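Okay, my_file-v8.pdb is below, PDB, N, CA and C atoms:
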```
ATOM      1  N   MET A   1     -49.131  11.456   1.383
ATOM      2  CA  MET A   1     -49.010  10.501   2.444
ATOM      3  C   MET A   1     -47.823  10.883   3.321
ATOM      4  N   GLU A   2     -48.030  10.966   4.584
ATOM      5  CA  GLU A   2     -46.995  11.380   5.527
ATOM      6  C   GLU A   2     -46.284  10.149   6.077
ATOM      7  N   THR A   3     -44.966  10.260   6.193
ATOM      8  CA  THR A   3     -44.195   9.151   6.733
ATOM      9  C   THR A   3     -44.294   9.154   8.249
ATOM     10  N   PRO A   4     -44.061   8.006   8.883
ATOM     11  CA  PRO A   4     -44.166   7.931  10.339
ATOM     12  C   PRO A   4     -43.159   8.861  11.013
ATOM     13  N   GLY A   5     -43.566   9.545  12.026
ATOM     14  CA  GLY A   5     -42.701  10.412  12.797
ATOM     15  C   GLY A   5     -42.466  11.762  12.139
ATOM     16  N   GLY A   6     -43.136  12.071  11.054
ATOM     17  CA  GLY A   6     -42.996  13.356  10.399
ATOM     18  C   GLY A   6     -41.668  13.538   9.667
ATOM     19  N   VAL A   7     -40.991  12.453   9.335
ATOM     20  CA  VAL A   7     -39.709  12.533   8.635
ATOM     21  C   VAL A   7     -39.981  12.577   7.141
ATOM     22  N   THR A   8     -39.319  13.508   6.462
ATOM     23  CA  THR A   8     -39.511  13.582   5.017
ATOM     24  C   THR A   8     -38.604  12.558   4.340
ATOM     25  N   PRO A   9     -39.067  11.941   3.285
ATOM     26  CA  PRO A   9     -38.242  10.934   2.608
ATOM     27  C   PRO A   9     -37.025  11.585   1.951
ATOM     28  N   GLU A  10     -35.897  10.881   1.991
ATOM     29  CA  GLU A  10     -34.659  11.380   1.396
ATOM     30  C   GLU A  10     -34.633  11.071  -0.094
ATOM     31  N   ALA A  11     -33.689  11.701  -0.777
ATOM     32  CA  ALA A  11     -33.512  11.428  -2.197
ATOM     33  C   ALA A  11     -33.081   9.975  -2.361
ATOM     34  N   PRO A  12     -33.418   9.355  -3.475
ATOM     35  CA  PRO A  12     -33.031   7.958  -3.667
ATOM     36  C   PRO A  12     -31.507   7.815  -3.725
ATOM     37  N   PHE A  13     -31.043   6.667  -3.313
ATOM     38  CA  PHE A  13     -29.611   6.372  -3.299
ATOM     39  C   PHE A  13     -29.095   6.269  -4.719
ATOM     40  N   GLU A  14     -28.015   6.981  -4.993
ATOM     41  CA  GLU A  14     -27.396   6.959  -6.316
ATOM     42  C   GLU A  14     -26.023   6.298  -6.201
ATOM     43  N   PRO A  15     -25.871   5.013  -6.612
ATOM     44  CA  PRO A  15     -24.603   4.303  -6.417
ATOM     45  C   PRO A  15     -23.445   4.854  -7.239
ATOM     46  N   SER A  16     -23.711   5.598  -8.311
ATOM     47  CA  SER A  16     -22.620   6.112  -9.134
ATOM     48  C   SER A  16     -21.987   7.369  -8.542
ATOM     49  N   GLN A  17     -22.608   7.956  -7.542
ATOM     50  CA  GLN A  17     -22.096   9.174  -6.917
ATOM     51  C   GLN A  17     -21.618   8.869  -5.501
ATOM     52  N   PRO A  18     -20.512   9.507  -5.064
ATOM     53  CA  PRO A  18     -20.083   9.290  -3.680
ATOM     54  C   PRO A  18     -21.083   9.925  -2.714
ATOM     55  N   PRO A  19     -21.198   9.372  -1.512
ATOM     56  CA  PRO A  19     -22.134   9.944  -0.550
ATOM     57  C   PRO A  19     -21.662  11.324  -0.101
ATOM     58  N   VAL A  20     -22.605  12.192   0.193
ATOM     59  CA  VAL A  20     -22.280  13.529   0.665
ATOM     60  C   VAL A  20     -22.394  13.520   2.184
ATOM     61  N   ILE A  21     -21.276  13.752   2.839
ATOM     62  CA  ILE A  21     -21.242  13.790   4.291
ATOM     63  C   ILE A  21     -20.751  15.167   4.690
ATOM     64  N   GLU A  22     -21.528  15.845   5.483
ATOM     65  CA  GLU A  22     -21.182  17.204   5.870
ATOM     66  C   GLU A  22     -19.862  17.243   6.631
ATOM     67  N   GLY A  23     -18.946  18.122   6.207
ATOM     68  CA  GLY A  23     -17.664  18.278   6.873
ATOM     69  C   GLY A  23     -16.626  17.246   6.493
ATOM     70  N   PHE A  24     -16.916  16.418   5.502
ATOM     71  CA  PHE A  24     -15.973  15.373   5.103
ATOM     72  C   PHE A  24     -15.747  15.444   3.608
ATOM     73  N   SER A  25     -14.476  15.504   3.222
ATOM     74  CA  SER A  25     -14.176  15.418   1.794
ATOM     75  C   SER A  25     -13.446  14.102   1.563
ATOM     76  N   PRO A  26     -13.856  13.322   0.576
ATOM     77  CA  PRO A  26     -13.277  12.002   0.381
ATOM     78  C   PRO A  26     -11.810  12.014  -0.044
ATOM     79  N   SER A  27     -11.313  13.123  -0.547
ATOM     80  CA  SER A  27      -9.930  13.173  -1.002
ATOM     81  C   SER A  27      -9.246  14.416  -0.458
ATOM     82  N   VAL A  28      -8.032  14.236   0.037
ATOM     83  CA  VAL A  28      -7.258  15.365   0.526
ATOM     84  C   VAL A  28      -6.721  16.170  -0.652
ATOM     85  N   TYR A  29      -6.490  15.483  -1.755
ATOM     86  CA  TYR A  29      -5.909  16.107  -2.932
ATOM     87  C   TYR A  29      -7.021  16.584  -3.851
ATOM     88  N   SER A  30      -6.900  17.833  -4.305
ATOM     89  CA  SER A  30      -7.972  18.433  -5.090
ATOM     90  C   SER A  30      -8.022  17.908  -6.523
ATOM     91  N   THR A  31      -6.895  17.475  -7.063
ATOM     92  CA  THR A  31      -6.889  16.951  -8.425
ATOM     93  C   THR A  31      -6.645  15.445  -8.392
ATOM     94  N   SER A  32      -7.121  14.770  -9.426
ATOM     95  CA  SER A  32      -6.871  13.331  -9.467
ATOM     96  C   SER A  32      -5.440  13.098  -9.929
ATOM     97  N   GLU A  33      -4.817  12.066  -9.371
ATOM     98  CA  GLU A  33      -3.426  11.762  -9.665
ATOM     99  C   GLU A  33      -3.343  10.607 -10.643
ATOM    100  N   SER A  34      -2.331  10.642 -11.471
ATOM    101  CA  SER A  34      -2.070   9.488 -12.320
ATOM    102  C   SER A  34      -1.341   8.446 -11.469
ATOM    103  N   PHE A  35      -1.203   7.250 -12.009
ATOM    104  CA  PHE A  35      -0.512   6.187 -11.278
ATOM    105  C   PHE A  35       0.921   6.597 -10.972
ATOM    106  N   LYS A  36       1.589   7.180 -11.954
ATOM    107  CA  LYS A  36       2.992   7.580 -11.789
ATOM    108  C   LYS A  36       3.139   8.646 -10.702
ATOM    109  N   GLU A  37       2.256   9.647 -10.719
ATOM    110  CA  GLU A  37       2.316  10.713  -9.705
ATOM    111  C   GLU A  37       2.069  10.154  -8.308
ATOM    112  N   LYS A  38       1.103   9.268  -8.185
ATOM    113  CA  LYS A  38       0.803   8.679  -6.880
ATOM    114  C   LYS A  38       1.955   7.810  -6.394
ATOM    115  N   PHE A  39       2.555   7.025  -7.309
ATOM    116  CA  PHE A  39       3.683   6.177  -6.940
ATOM    117  C   PHE A  39       4.857   7.027  -6.444
ATOM    118  N   ILE A  40       5.153   8.111  -7.143
ATOM    119  CA  ILE A  40       6.257   8.988  -6.734
ATOM    120  C   ILE A  40       5.957   9.627  -5.386
ATOM    121  N   ARG A  41       4.728  10.087  -5.184
ATOM    122  CA  ARG A  41       4.356  10.714  -3.902
ATOM    123  C   ARG A  41       4.471   9.720  -2.756
ATOM    124  N   LYS A  42       3.950   8.504  -2.950
ATOM    125  CA  LYS A  42       4.009   7.495  -1.891
ATOM    126  C   LYS A  42       5.450   7.069  -1.609
ATOM    127  N   THR A  43       6.281   7.004  -2.653
ATOM    128  CA  THR A  43       7.686   6.638  -2.466
ATOM    129  C   THR A  43       8.412   7.712  -1.668
ATOM    130  N   ARG A  44       8.093   8.961  -1.923
ATOM    131  CA  ARG A  44       8.713  10.050  -1.155
ATOM    132  C   ARG A  44       8.240  10.060   0.295
ATOM    133  N   GLU A  45       6.984   9.689   0.517
ATOM    134  CA  GLU A  45       6.459   9.662   1.882
ATOM    135  C   GLU A  45       7.097   8.547   2.705
ATOM    136  N   ASN A  46       7.327   7.393   2.099
ATOM    137  CA  ASN A  46       7.893   6.249   2.810
ATOM    138  C   ASN A  46       8.811   5.466   1.866
ATOM    139  N   PRO A  47      10.064   5.912   1.731
ATOM    140  CA  PRO A  47      10.961   5.291   0.750
ATOM    141  C   PRO A  47      11.418   3.875   1.109
ATOM    142  N   LEU A  48      11.250   3.444   2.352
ATOM    143  CA  LEU A  48      11.725   2.118   2.741
ATOM    144  C   LEU A  48      10.849   0.985   2.192
ATOM    145  N   VAL A  49       9.586   1.270   1.919
ATOM    146  CA  VAL A  49       8.692   0.214   1.428
ATOM    147  C   VAL A  49       9.111  -0.262   0.035
ATOM    148  N   PRO A  50       9.337   0.624  -0.935
ATOM    149  CA  PRO A  50       9.796   0.120  -2.233
ATOM    150  C   PRO A  50      11.162  -0.570  -2.153
ATOM    151  N   ILE A  51      12.037  -0.098  -1.265
ATOM    152  CA  ILE A  51      13.334  -0.748  -1.088
ATOM    153  C   ILE A  51      13.135  -2.177  -0.583
ATOM    154  N   GLY A  52      12.237  -2.354   0.389
ATOM    155  CA  GLY A  52      11.940  -3.690   0.902
ATOM    156  C   GLY A  52      11.311  -4.587  -0.148
ATOM    157  N   CYS A  53      10.440  -4.026  -0.967
ATOM    158  CA  CYS A  53       9.813  -4.809  -2.039
ATOM    159  C   CYS A  53      10.849  -5.250  -3.066
ATOM    160  N   LEU A  54      11.752  -4.352  -3.429
ATOM    161  CA  LEU A  54      12.808  -4.718  -4.377
ATOM    162  C   LEU A  54      13.737  -5.772  -3.784
ATOM    163  N   GLY A  55      14.057  -5.643  -2.498
ATOM    164  CA  GLY A  55      14.893  -6.643  -1.836
ATOM    165  C   GLY A  55      14.232  -8.006  -1.803
ATOM    166  N   THR A  56      12.930  -8.014  -1.541
ATOM    167  CA  THR A  56      12.177  -9.273  -1.528
ATOM    168  C   THR A  56      12.186  -9.918  -2.910
ATOM    169  N   ALA A  57      11.905  -9.107  -3.928
ATOM    170  CA  ALA A  57      11.878  -9.636  -5.296
ATOM    171  C   ALA A  57      13.260 -10.138  -5.722
ATOM    172  N   ALA A  58      14.313  -9.408  -5.346
ATOM    173  CA  ALA A  58      15.668  -9.819  -5.716
ATOM    174  C   ALA A  58      16.049 -11.131  -5.036
ATOM    175  N   ALA A  59      15.748 -11.256  -3.747
ATOM    176  CA  ALA A  59      16.070 -12.491  -3.025
ATOM    177  C   ALA A  59      15.297 -13.677  -3.590
ATOM    178  N   LEU A  60      14.027 -13.457  -3.922
ATOM    179  CA  LEU A  60      13.220 -14.528  -4.500
ATOM    180  C   LEU A  60      13.767 -14.944  -5.859
ATOM    181  N   THR A  61      14.064 -13.968  -6.699
ATOM    182  CA  THR A  61      14.562 -14.271  -8.041
ATOM    183  C   THR A  61      15.892 -15.016  -7.982
ATOM    184  N   TYR A  62      16.808 -14.517  -7.178
ATOM    185  CA  TYR A  62      18.110 -15.174  -7.082
ATOM    186  C   TYR A  62      17.987 -16.551  -6.426
ATOM    187  N   GLY A  63      17.106 -16.674  -5.446
ATOM    188  CA  GLY A  63      16.884 -17.975  -4.814
ATOM    189  C   GLY A  63      16.332 -18.999  -5.786
ATOM    190  N   LEU A  64      15.395 -18.591  -6.635
ATOM    191  CA  LEU A  64      14.856 -19.505  -7.639
ATOM    192  C   LEU A  64      15.906 -19.864  -8.684
ATOM    193  N   TYR A  65      16.746 -18.898  -9.042
ATOM    194  CA  TYR A  65      17.835 -19.161  -9.976
ATOM    195  C   TYR A  65      18.799 -20.195  -9.391
ATOM    196  N   CYS A  66      19.152 -20.019  -8.123
ATOM    197  CA  CYS A  66      20.056 -20.974  -7.473
ATOM    198  C   CYS A  66      19.413 -22.358  -7.361
ATOM    199  N   PHE A  67      18.114 -22.388  -7.097
ATOM    200  CA  PHE A  67      17.397 -23.659  -7.020
ATOM    201  C   PHE A  67      17.437 -24.365  -8.375
ATOM    202  N   HIS A  68      17.230 -23.601  -9.429
ATOM    203  CA  HIS A  68      17.257 -24.162 -10.776
ATOM    204  C   HIS A  68      18.649 -24.699 -11.128
ATOM    205  N   ARG A  69      19.683 -24.048 -10.651
ATOM    206  CA  ARG A  69      21.060 -24.463 -10.923
ATOM    207  C   ARG A  69      21.525 -25.607 -10.021
ATOM    208  N   GLY A  70      20.703 -25.963  -9.030
ATOM    209  CA  GLY A  70      21.052 -27.073  -8.154
ATOM    210  C   GLY A  70      21.862 -26.674  -6.928
ATOM    211  N   GLN A  71      21.936 -25.396  -6.652
ATOM    212  CA  GLN A  71      22.672 -24.904  -5.478
ATOM    213  C   GLN A  71      21.688 -24.789  -4.310
ATOM    214  N   SER A  72      21.401 -25.913  -3.689
ATOM    215  CA  SER A  72      20.349 -25.940  -2.675
ATOM    216  C   SER A  72      20.704 -25.122  -1.433
ATOM    217  N   GLN A  73      21.969 -25.112  -1.025
ATOM    218  CA  GLN A  73      22.361 -24.345   0.166
ATOM    219  C   GLN A  73      22.121 -22.852  -0.064
ATOM    220  N   ARG A  74      22.566 -22.362  -1.214
ATOM    221  CA  ARG A  74      22.394 -20.940  -1.515
ATOM    222  C   ARG A  74      20.918 -20.611  -1.703
ATOM    223  N   SER A  75      20.168 -21.521  -2.302
ATOM    224  CA  SER A  75      18.739 -21.321  -2.494
ATOM    225  C   SER A  75      18.027 -21.193  -1.148
ATOM    226  N   GLN A  76      18.368 -22.061  -0.196
ATOM    227  CA  GLN A  76      17.787 -21.973   1.148
ATOM    228  C   GLN A  76      18.135 -20.655   1.814
ATOM    229  N   LEU A  77      19.380 -20.219   1.665
ATOM    230  CA  LEU A  77      19.803 -18.944   2.235
ATOM    231  C   LEU A  77      19.000 -17.790   1.636
ATOM    232  N   MET A  78      18.769 -17.839   0.344
ATOM    233  CA  MET A  78      18.020 -16.764  -0.319
ATOM    234  C   MET A  78      16.542 -16.773   0.091
ATOM    235  N   MET A  79      15.984 -17.950   0.330
ATOM    236  CA  MET A  79      14.595 -18.007   0.785
ATOM    237  C   MET A  79      14.475 -17.423   2.201
ATOM    238  N   ARG A  80      15.477 -17.664   3.028
ATOM    239  CA  ARG A  80      15.488 -17.057   4.369
ATOM    240  C   ARG A  80      15.696 -15.551   4.274
ATOM    241  N   THR A  81      16.528 -15.147   3.342
ATOM    242  CA  THR A  81      16.741 -13.718   3.110
ATOM    243  C   THR A  81      15.452 -13.062   2.625
ATOM    244  N   ARG A  82      14.707 -13.766   1.796
ATOM    245  CA  ARG A  82      13.422 -13.241   1.313
ATOM    246  C   ARG A  82      12.460 -13.004   2.469
ATOM    247  N   ILE A  83      12.421 -13.952   3.409
ATOM    248  CA  ILE A  83      11.544 -13.796   4.572
ATOM    249  C   ILE A  83      11.962 -12.577   5.387
ATOM    250  N   ALA A  84      13.268 -12.390   5.557
ATOM    251  CA  ALA A  84      13.767 -11.217   6.289
ATOM    252  C   ALA A  84      13.393  -9.931   5.555
ATOM    253  N   ALA A  85      13.492  -9.931   4.230
ATOM    254  CA  ALA A  85      13.138  -8.742   3.452
ATOM    255  C   ALA A  85      11.641  -8.457   3.541
ATOM    256  N   GLN A  86      10.832  -9.503   3.560
ATOM    257  CA  GLN A  86       9.385  -9.309   3.735
ATOM    258  C   GLN A  86       9.083  -8.722   5.109
ATOM    259  N   GLY A  87       9.768  -9.211   6.129
ATOM    260  CA  GLY A  87       9.595  -8.651   7.471
ATOM    261  C   GLY A  87      10.003  -7.191   7.522
ATOM    262  N   PHE A  88      11.118  -6.863   6.865
ATOM    263  CA  PHE A  88      11.555  -5.468   6.794
ATOM    264  C   PHE A  88      10.498  -4.598   6.128
ATOM    265  N   THR A  89       9.886  -5.104   5.057
ATOM    266  CA  THR A  89       8.853  -4.344   4.346
ATOM    267  C   THR A  89       7.639  -4.111   5.233
ATOM    268  N   ILE A  90       7.214  -5.120   5.972
ATOM    269  CA  ILE A  90       6.064  -4.968   6.873
ATOM    270  C   ILE A  90       6.378  -3.944   7.959
ATOM    271  N   VAL A  91       7.572  -4.016   8.534
ATOM    272  CA  VAL A  91       7.969  -3.043   9.558
ATOM    273  C   VAL A  91       8.008  -1.634   8.960
ATOM    274  N   ALA A  92       8.511  -1.500   7.734
ATOM    275  CA  ALA A  92       8.566  -0.190   7.076
ATOM    276  C   ALA A  92       7.161   0.369   6.859
ATOM    277  N   ILE A  93       6.221  -0.488   6.478
ATOM    278  CA  ILE A  93       4.832  -0.048   6.301
ATOM    279  C   ILE A  93       4.267   0.444   7.630
ATOM    280  N   LEU A  94       4.492  -0.320   8.704
ATOM    281  CA  LEU A  94       3.955   0.059  10.013
ATOM    282  C   LEU A  94       4.593   1.343  10.538
ATOM    283  N   VAL A  95       5.908   1.496  10.338
ATOM    284  CA  VAL A  95       6.579   2.724  10.773
ATOM    285  C   VAL A  95       6.064   3.915   9.970
ATOM    286  N   GLY A  96       5.893   3.745   8.672
ATOM    287  CA  GLY A  96       5.348   4.822   7.846
ATOM    288  C   GLY A  96       3.936   5.189   8.236
ATOM    289  N   LEU A  97       3.136   4.193   8.569
ATOM    290  CA  LEU A  97       1.769   4.444   9.015
ATOM    291  C   LEU A  97       1.760   5.206  10.333
ATOM    292  N   ALA A  98       2.604   4.792  11.268
ATOM    293  CA  ALA A  98       2.689   5.478  12.557
ATOM    294  C   ALA A  98       3.191   6.919  12.374
ATOM    295  N   ALA A  99       4.170   7.102  11.513
ATOM    296  CA  ALA A  99       4.707   8.447  11.275
ATOM    297  C   ALA A  99       3.667   9.362  10.657
ATOM    298  N   SER A 100       2.903   8.853   9.694
ATOM    299  CA  SER A 100       1.879   9.696   9.076
ATOM    300  C   SER A 100       0.741   9.986  10.046
ATOM    301  N   THR A 101       0.446   9.048  10.946
ATOM    302  CA  THR A 101      -0.582   9.295  11.957
ATOM    303  C   THR A 101      -0.139  10.382  12.930
ATOM    304  N   LEU A 102       1.120  10.296  13.368
ATOM    305  CA  LEU A 102       1.628  11.304  14.290
ATOM    306  C   LEU A 102       1.760  12.669  13.617
ATOM    307  N   LYS A 103       2.090  12.675  12.328
ATOM    308  CA  LYS A 103       2.247  13.928  11.596
ATOM    309  C   LYS A 103       0.908  14.611  11.385
ATOM    310  N   SER A 104      -0.166  13.835  11.234
ATOM    311  CA  SER A 104      -1.478  14.423  10.968
ATOM    312  C   SER A 104      -2.169  14.930  12.225
ATOM    313  N   ARG A 105      -1.644  14.590  13.399
ATOM    314  CA  ARG A 105      -2.242  15.087  14.646
ATOM    315  C   ARG A 105      -1.988  16.588  14.769
ATOM    316  N   PRO A 106      -2.963  17.324  15.333
ATOM    317  CA  PRO A 106      -2.785  18.780  15.496
ATOM    318  C   PRO A 106      -1.781  19.135  16.579
TER     319      PRO A 106
END
```
Show me the file's structure as structure tokens.
Amino acid sequence: METPGGVTPEAPFEPSQPPVIEGFSPSVYSTSESFKEKFIRKTRENPLVPIGCLGTAAALTYGLYCFHRGQSQRSQLMMRTRIAAQGFTIVAILVGLAASTLKSRP
């Protein structure tokens, strides 16, 4: 039985295999990376993001500690500091993204 338009039917879709697209490789890296290797590589590519994440976590932790101790003024200051650290992290992500985009251009 011939399909309409003379098109031959393709192989059935196999969800366990990645699609094959001519001229495209799904990974730039030839070997699979462990979590630790990927974390180290990403930290080297954009070191400001982990610094911002640690700053956010530190401000949150200290702010909650101050809240628990009843130091409401310091707790409020730390919550504002946390927001600033989150903003710094977002800016660091965007700058890293822009830098990697510009670096990958020919």
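Between atom CA of A:Gln73 and atom CA of A:Gln86 the interatomic distance comes to 20.2 Å.
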Legend entry - Atom-to-atom span, atom CA of A:Ala58 and atom CA of A:Val95, Å: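 The value is 22.6 Å.
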Legend entry - Interatomic distance (Å, one decimal) between atom CA of A:Leu97 and atom C of A:Thr61: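 Interatomic distance here is 29.4 Å.
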Inset, instruction - Mind checking which residues fall within 8 Å of A:Cys66, counting only N, CA and C atoms, ignoring those fewer than 6 positions away in the same chain, and posting them as a ChimeraX atom specification? - result: /A:60,72-76
Can you spit out the residues from that selection as a compact mmCIF listing (two decimals), in the coordinates of the input, using N, CA and C atoms?
```txt
# COMPACT_ATOMS: atom_id res chain seq x y z
N LEU A 60 14.03 -13.46 -3.92
CA LEU A 60 13.22 -14.53 -4.50
C LEU A 60 13.77 -14.94 -5.86
N SER A 72 21.40 -25.91 -3.69
CA SER A 72 20.35 -25.94 -2.68
C SER A 72 20.70 -25.12 -1.43
N GLN A 73 21.97 -25.11 -1.02
CA GLN A 73 22.36 -24.34 0.17
C GLN A 73 22.12 -22.85 -0.06
N ARG A 74 22.57 -22.36 -1.21
CA ARG A 74 22.39 -20.94 -1.52
C ARG A 74 20.92 -20.61 -1.70
N SER A 75 20.17 -21.52 -2.30
CA SER A 75 18.74 -21.32 -2.49
C SER A 75 18.03 -21.19 -1.15
N GLN A 76 18.37 -22.06 -0.20
CA GLN A 76 17.79 -21.97 1.15
C GLN A 76 18.14 -20.66 1.81
```
Legend entry - Distance query stretch 54-57 of chain A at most 7 Å, only N, CA and C atoms, self and fewer than 2 positions along chain excluded, as number ranges by chain: A: 49-52, 59-62, 81-83, 85-86
Inset, instruction - From a DSSP pass on the backbone, collect the residues of chain A flagged as helix (DSSP H, G or I) and hand them back as a VMD selection string. - result: chain A and resid 4 to 6 35 to 45 48 to 69 72 to 104
Residues near A:Glu45, cut-off 7 Å, all atoms listed in the file, skip fewer than 4 positions along chain, as a compact mmCIF listing (two decimals) with N, CA and C atoms, keeping the file's coordinate frame:
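This is the output file selection-v6.txt:
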```txt
# COMPACT_ATOMS: atom_id res chain seq x y z
N ILE A 40 5.15 8.11 -7.14
CA ILE A 40 6.26 8.99 -6.73
C ILE A 40 5.96 9.63 -5.39
N ARG A 41 4.73 10.09 -5.18
CA ARG A 41 4.36 10.71 -3.90
C ARG A 41 4.47 9.72 -2.76
N GLY A 96 5.89 3.74 8.67
CA GLY A 96 5.35 4.82 7.85
C GLY A 96 3.94 5.19 8.24
```
Legend entry - For A:Ala92, the nearest of the candidates A:Pro15, A:Val20, A:Ser32, A:Cys53, counting only C-alpha atoms: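 Of A:Pro15, A:Val20, A:Ser32, A:Cys53, the one nearest A:Ala92, counting only C-alpha atoms, is A:Cys53.
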Around stretch 63-79 of chain A, with edges along x, y and z and 8 Å added on all six sides, what centre and edge lengths do you get, in Å to one decimal, as lines of an AutoDock Vina configuration file?
```
center_x = 18.6
center_y = -21.9
center_z = -4.4
size_x = 24.2
size_y = 26.4
size_z = 29.4
```
